[in-house]
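Chemist: Provided herewith: final22.csv, CSV, N, CA and C atoms and all ligand atoms.
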chain,number,residue,atom,x,y,z
F,1,MET,N,23.1,-1.0,5.4
F,1,MET,CA,21.7,-1.0,5.3
F,1,MET,C,21.0,-1.9,6.3
F,2,SER,N,20.0,-1.4,6.9
F,2,SER,CA,19.3,-2.2,7.9
F,2,SER,C,18.4,-3.2,7.2
F,3,GLU,N,18.1,-4.2,8.0
F,3,GLU,CA,17.2,-5.3,7.4
F,3,GLU,C,15.8,-4.7,7.3
F,4,GLY,N,15.1,-5.0,6.2
F,4,GLY,CA,13.8,-4.5,5.9
F,4,GLY,C,12.7,-5.2,6.7
F,5,HIS,N,11.5,-4.6,6.7
F,5,HIS,CA,10.4,-5.2,7.4
F,5,HIS,C,9.8,-6.4,6.7
F,6,GLY,N,10.1,-6.5,5.4
F,6,GLY,CA,9.7,-7.7,4.6
F,6,GLY,C,8.2,-7.7,4.3
F,7,ILE,N,7.5,-6.6,4.5
F,7,ILE,CA,6.0,-6.6,4.2
F,7,ILE,C,5.8,-6.5,2.7
F,8,GLU,N,4.9,-7.5,2.3
F,8,GLU,CA,4.5,-7.4,0.9
F,8,GLU,C,3.2,-6.7,0.8
F,9,VAL,N,3.1,-5.9,-0.3
F,9,VAL,CA,1.9,-5.0,-0.5
F,9,VAL,C,1.3,-5.4,-1.8
F,10,ALA,N,-0.1,-5.5,-1.8
F,10,ALA,CA,-0.8,-5.7,-3.0
F,10,ALA,C,-2.0,-4.7,-3.1
F,11,VAL,N,-2.4,-4.3,-4.3
F,11,VAL,CA,-3.5,-3.5,-4.4
F,11,VAL,C,-4.5,-4.2,-5.3
F,12,ASP,N,-5.8,-4.2,-4.9
F,12,ASP,CA,-6.8,-4.7,-5.8
F,12,ASP,C,-7.3,-3.5,-6.7
F,13,ARG,N,-6.8,-3.6,-7.9
F,13,ARG,CA,-7.1,-2.4,-8.8
F,13,ARG,C,-8.6,-2.3,-9.1
F,14,ALA,N,-9.3,-3.4,-9.0
F,14,ALA,CA,-10.8,-3.3,-9.3
F,14,ALA,C,-11.5,-2.5,-8.2
F,15,LEU,N,-10.9,-2.5,-7.0
F,15,LEU,CA,-11.5,-1.8,-5.8
F,15,LEU,C,-11.0,-0.4,-5.7
F,16,CYS,N,-9.8,-0.1,-6.2
F,16,CYS,CA,-9.2,1.2,-6.1
F,16,CYS,C,-10.0,2.3,-6.8
F,17,ILE,N,-10.3,3.4,-6.1
F,17,ILE,CA,-11.0,4.5,-6.7
F,17,ILE,C,-10.0,5.7,-7.0
F,18,GLY,N,-8.7,5.5,-6.8
F,18,GLY,CA,-7.8,6.5,-7.2
F,18,GLY,C,-7.8,7.8,-6.5
F,19,ASN,N,-8.2,7.8,-5.2
F,19,ASN,CA,-8.3,9.1,-4.5
F,19,ASN,C,-6.9,9.5,-3.9
F,20,GLY,N,-5.9,8.6,-4.0
F,20,GLY,CA,-4.6,9.0,-3.6
F,20,GLY,C,-4.3,9.1,-2.1
F,21,VAL,N,-5.2,8.5,-1.3
F,21,VAL,CA,-4.9,8.6,0.1
F,21,VAL,C,-3.7,7.8,0.5
F,22,CYS,N,-3.5,6.6,-0.1
F,22,CYS,CA,-2.3,5.8,0.2
F,22,CYS,C,-1.0,6.5,-0.3
F,23,VAL,N,-1.1,7.2,-1.4
F,23,VAL,CA,0.1,7.9,-1.9
F,23,VAL,C,0.4,9.0,-0.9
F,24,ALA,N,-0.6,9.7,-0.4
F,24,ALA,CA,-0.3,10.8,0.6
F,24,ALA,C,0.3,10.3,1.9
F,25,ILE,N,-0.1,9.1,2.3
F,25,ILE,CA,0.4,8.5,3.6
F,25,ILE,C,1.7,7.8,3.4
F,26,ALA,N,1.9,7.1,2.3
F,26,ALA,CA,3.1,6.3,2.1
F,26,ALA,C,3.6,6.5,0.7
F,27,PRO,N,4.2,7.7,0.4
F,27,PRO,CA,4.5,8.1,-1.0
F,27,PRO,C,5.6,7.2,-1.6
F,28,CYS,N,6.5,6.6,-0.8
F,28,CYS,CA,7.5,5.7,-1.3
F,28,CYS,C,6.9,4.4,-1.8
F,29,ALA,N,5.8,4.0,-1.2
F,29,ALA,CA,5.3,2.7,-1.4
F,29,ALA,C,4.2,2.7,-2.5
F,30,PHE,N,3.5,3.8,-2.7
F,30,PHE,CA,2.4,3.8,-3.7
F,30,PHE,C,2.6,5.0,-4.7
F,31,THR,N,2.1,4.8,-5.9
F,31,THR,CA,1.9,5.9,-6.8
F,31,THR,C,0.6,5.7,-7.5
F,32,LEU,N,0.1,6.7,-8.2
F,32,LEU,CA,-1.0,6.5,-9.0
F,32,LEU,C,-0.5,6.4,-10.5
F,33,ASP,N,-1.0,5.4,-11.2
F,33,ASP,CA,-0.5,5.1,-12.5
F,33,ASP,C,-1.4,5.9,-13.5
F,34,ALA,N,-1.1,5.6,-14.8
F,34,ALA,CA,-1.8,6.4,-15.9
F,34,ALA,C,-3.3,6.1,-15.8
F,35,ASP,N,-3.8,5.0,-15.3
F,35,ASP,CA,-5.2,4.7,-15.2
F,35,ASP,C,-5.8,5.3,-13.9
F,36,MET,N,-5.0,6.1,-13.1
F,36,MET,CA,-5.4,6.6,-11.8
F,36,MET,C,-5.8,5.5,-10.8
F,37,LYS,N,-5.0,4.5,-10.9
F,37,LYS,CA,-5.1,3.4,-9.9
F,37,LYS,C,-3.8,3.3,-9.2
F,38,ALA,N,-3.9,2.9,-7.9
F,38,ALA,CA,-2.7,2.8,-7.1
F,38,ALA,C,-1.8,1.6,-7.6
F,39,ALA,N,-0.5,1.9,-7.7
F,39,ALA,CA,0.4,0.9,-8.0
F,39,ALA,C,1.5,0.8,-6.9
F,40,VAL,N,2.0,-0.3,-6.7
F,40,VAL,CA,3.0,-0.5,-5.6
F,40,VAL,C,4.4,-0.2,-6.2
F,41,VAL,N,5.1,0.7,-5.4
F,41,VAL,CA,6.4,1.1,-5.9
F,41,VAL,C,7.5,0.4,-5.0
F,42,ASP,N,7.7,0.9,-3.8
F,42,ASP,CA,8.8,0.4,-3.0
F,42,ASP,C,8.4,0.3,-1.5
F,43,PRO,N,7.7,-0.7,-1.1
F,43,PRO,CA,7.2,-0.8,0.2
F,43,PRO,C,8.4,-0.8,1.3
F,44,GLU,N,9.5,-1.4,0.9
F,44,GLU,CA,10.7,-1.4,1.9
F,44,GLU,C,11.1,0.0,2.2
F,45,ALA,N,10.8,1.0,1.4
F,45,ALA,CA,11.3,2.3,1.6
F,45,ALA,C,10.4,3.0,2.6
F,46,GLU,N,9.2,2.4,3.0
F,46,GLU,CA,8.3,3.0,3.9
F,46,GLU,C,8.4,2.3,5.2
F,47,ALA,N,8.1,3.0,6.3
F,47,ALA,CA,8.0,2.4,7.6
F,47,ALA,C,6.8,1.5,7.7
F,48,GLU,N,6.9,0.5,8.4
F,48,GLU,CA,5.7,-0.5,8.6
F,48,GLU,C,4.5,0.3,9.0
F,49,ALA,N,4.6,1.2,9.9
F,49,ALA,CA,3.5,2.0,10.4
F,49,ALA,C,2.8,2.8,9.3
F,50,ASN,N,3.5,3.3,8.3
F,50,ASN,CA,2.9,4.0,7.2
F,50,ASN,C,2.2,3.1,6.3
F,51,LEU,N,2.7,1.9,6.1
F,51,LEU,CA,2.0,0.9,5.2
F,51,LEU,C,0.7,0.5,5.9
F,52,LEU,N,0.7,0.3,7.2
F,52,LEU,CA,-0.5,-0.1,7.9
F,52,LEU,C,-1.5,1.0,7.9
F,53,ALA,N,-1.0,2.3,8.1
F,53,ALA,CA,-1.9,3.4,8.1
F,53,ALA,C,-2.6,3.6,6.7
F,54,ALA,N,-1.8,3.4,5.6
F,54,ALA,CA,-2.3,3.5,4.3
F,54,ALA,C,-3.4,2.5,4.0
F,55,ALA,N,-3.2,1.2,4.5
F,55,ALA,CA,-4.1,0.2,4.3
F,55,ALA,C,-5.4,0.5,5.1
F,56,GLU,N,-5.2,1.0,6.3
F,56,GLU,CA,-6.4,1.2,7.1
F,56,GLU,C,-7.2,2.4,6.6
F,57,GLU,N,-6.5,3.4,6.0
F,57,GLU,CA,-7.2,4.6,5.6
F,57,GLU,C,-7.8,4.5,4.2
F,58,CYS,N,-7.4,3.4,3.4
F,58,CYS,CA,-8.0,3.3,2.1
F,58,CYS,C,-9.5,3.1,2.2
F,59,PRO,N,-10.3,3.9,1.5
F,59,PRO,CA,-11.7,3.9,1.7
F,59,PRO,C,-12.4,2.7,1.2
F,60,THR,N,-11.7,2.0,0.3
F,60,THR,CA,-12.4,0.8,-0.3
F,60,THR,C,-11.7,-0.5,0.1
F,61,GLN,N,-10.8,-0.4,1.1
F,61,GLN,CA,-10.1,-1.6,1.5
F,61,GLN,C,-9.4,-2.3,0.4
F,62,ALA,N,-8.7,-1.6,-0.5
F,62,ALA,CA,-8.1,-2.2,-1.7
F,62,ALA,C,-6.7,-2.6,-1.4
F,63,ILE,N,-6.2,-2.3,-0.2
F,63,ILE,CA,-4.7,-2.6,0.0
F,63,ILE,C,-4.6,-3.8,1.0
F,64,TYR,N,-3.8,-4.7,0.6
F,64,TYR,CA,-3.5,-6.0,1.3
F,64,TYR,C,-2.1,-6.0,1.7
F,65,LEU,N,-1.8,-6.3,3.0
F,65,LEU,CA,-0.5,-6.4,3.5
F,65,LEU,C,-0.3,-7.9,4.0
F,66,SER,N,0.9,-8.4,3.7
F,66,SER,CA,1.3,-9.7,4.2
F,66,SER,C,2.8,-9.8,4.4
F,67,ALA,N,3.1,-10.8,5.2
F,67,ALA,CA,4.6,-11.0,5.5
F,67,ALA,C,4.8,-12.5,5.6
F,68,GLY,N,5.7,-12.9,4.8
F,68,GLY,CA,6.0,-14.4,4.8
F,68,GLY,C,4.8,-15.2,4.5
F,69,GLY,N,4.0,-14.7,3.6
F,69,GLY,CA,2.8,-15.5,3.2
F,69,GLY,C,1.6,-15.4,4.2
F,70,LYS,N,1.8,-14.7,5.3
F,70,LYS,CA,0.7,-14.6,6.3
F,70,LYS,C,0.1,-13.2,6.2
F,71,PRO,N,-1.2,-13.1,6.1
F,71,PRO,CA,-1.9,-11.8,6.0
F,71,PRO,C,-1.6,-11.0,7.3
F,72,LEU,N,-1.3,-9.7,7.0
F,72,LEU,CA,-1.2,-8.7,8.1
F,72,LEU,C,-2.4,-7.8,8.2
F,73,TYR,N,-2.9,-7.5,7.0
F,73,TYR,CA,-4.1,-6.6,6.8
F,73,TYR,C,-4.7,-6.9,5.5
F,74,PRO,N,-6.0,-7.0,5.5
F,74,PRO,CA,-7.0,-6.9,6.6
F,74,PRO,C,-6.9,-8.2,7.4
F,101,LIG,S1,-6.2,4.7,-0.8
F,101,LIG,FE1,-7.2,2.9,-1.7
F,101,LIG,S2,-8.7,3.7,-3.2
F,101,LIG,FE2,-7.2,5.4,-2.7
F,101,LIG,S3,-5.7,5.3,-4.3
F,101,LIG,FE3,-4.9,4.1,-2.6
F,101,LIG,S4,-5.6,2.0,-3.0
F,101,LIG,FE4,-6.8,3.4,-4.3
Any chance you could give the structure as structure tokens?
Ligand code: SF4

Modeler:
Amino acid sequence: MSEGHGIEVAVDRALCIGNGVCVAIAPCAFTLDADMKAAVVDPEAEAEANLLAAAEECPTQAIYLSAGGKPLYP
């Protein structure tokens, strides 16, 4: 197994409007839960580019990326 990118992903559920854009872009990393809010599944299973794209495309900027405690996005 190759070494992972180590990116940590968090979702602000208060901001999430459940439109599923992140799930469409990075389906291994995100799912919609029973409340129709995005939940983080397995970010290591997604390419870094997909995580970044999901965060950028989220209409409410509800997705936060970090690595080693340092913010990557926003
Ligand atoms: S793209 Fe943003 S608003 Fe849409 S489901 Fe994902 S986190 Fe929620």

Chemist: Could you list, as a PyMOL selection string, all the residues within 5 Å of ligand LIG 101 (chain F), counting all atoms listed in the file?

Modeler: chain F and resi 16-22+38+58-60+62

Chemist: Identify which of the residues F:Val41, F:Ala24, F:Ala67, F:Leu32 lies closest to Ala53 of chain F, counting only C-alpha atoms when measuring atom-to-atom distances.

Modeler: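 Answer, going by the shortest atom-to-atom distance: F:Ala24.
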
Chemist: Of the candidates F:Gly68, F:Ala39, F:Gln61, F:Ala49, which one gets nearest to Glu8 of chain F if we count all atoms listed in the file?

Modeler: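 Selected residue with least distance to Glu8 of chain F: F:Gly68.
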
Chemist: From a DSSP pass on the backbone, collect the residues of segment 11-53 of chain F flagged as strand (DSSP E or B) and hand them back as a list of chain:residue names.

Modeler: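 Put together, the selection reads F:Val11, F:Phe30, F:Thr31, F:Leu32, F:Ala38, F:Ala39, F:Val40.
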
Chemist: Produce a file of the selected residues containing N, CA and C atoms, as a PDB file, in the frame of the given file.

Modeler:
ATOM      1  N   VAL F  11      -2.400  -4.300  -4.300  1.00  0.00           N
ATOM      2  CA  VAL F  11      -3.500  -3.500  -4.400  1.00  0.00           C
ATOM      3  C   VAL F  11      -4.500  -4.200  -5.300  1.00  0.00           C
ATOM      4  N   PHE F  30       3.500   3.800  -2.700  1.00  0.00           N
ATOM      5  CA  PHE F  30       2.400   3.800  -3.700  1.00  0.00           C
ATOM      6  C   PHE F  30       2.600   5.000  -4.700  1.00  0.00           C
ATOM      7  N   THR F  31       2.100   4.800  -5.900  1.00  0.00           N
ATOM      8  CA  THR F  31       1.900   5.900  -6.800  1.00  0.00           C
ATOM      9  C   THR F  31       0.600   5.700  -7.500  1.00  0.00           C
ATOM     10  N   LEU F  32       0.100   6.700  -8.200  1.00  0.00           N
ATOM     11  CA  LEU F  32      -1.000   6.500  -9.000  1.00  0.00           C
ATOM     12  C   LEU F  32      -0.500   6.400 -10.500  1.00  0.00           C
ATOM     13  N   ALA F  38      -3.900   2.900  -7.900  1.00  0.00           N
ATOM     14  CA  ALA F  38      -2.700   2.800  -7.100  1.00  0.00           C
ATOM     15  C   ALA F  38      -1.800   1.600  -7.600  1.00  0.00           C
ATOM     16  N   ALA F  39      -0.500   1.900  -7.700  1.00  0.00           N
ATOM     17  CA  ALA F  39       0.400   0.900  -8.000  1.00  0.00           C
ATOM     18  C   ALA F  39       1.500   0.800  -6.900  1.00  0.00           C
ATOM     19  N   VAL F  40       2.000  -0.300  -6.700  1.00  0.00           N
ATOM     20  CA  VAL F  40       3.000  -0.500  -5.600  1.00  0.00           C
ATOM     21  C   VAL F  40       4.400  -0.200  -6.200  1.00  0.00           C
TER      22      VAL F  40
END

Chemist: Please list as a list of chain:residue names every residue within 6.5 Å of Ala26 of chain F, counting only N, CA and C atoms and excluding residues in the same chain fewer than 4 positions away.

Modeler: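 After dropping sequence-adjacent residues, the list is F:Val21, F:Cys22, F:Phe30, F:Glu46, F:Asn50, F:Leu51, F:Ala54.
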
Chemist: Report, in Å to a single decimal, how far apart atom CA of Ala14 of chain F and atom CA of Val40 of chain F are.

Modeler: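 These atoms are spaced 14.6 Å apart.
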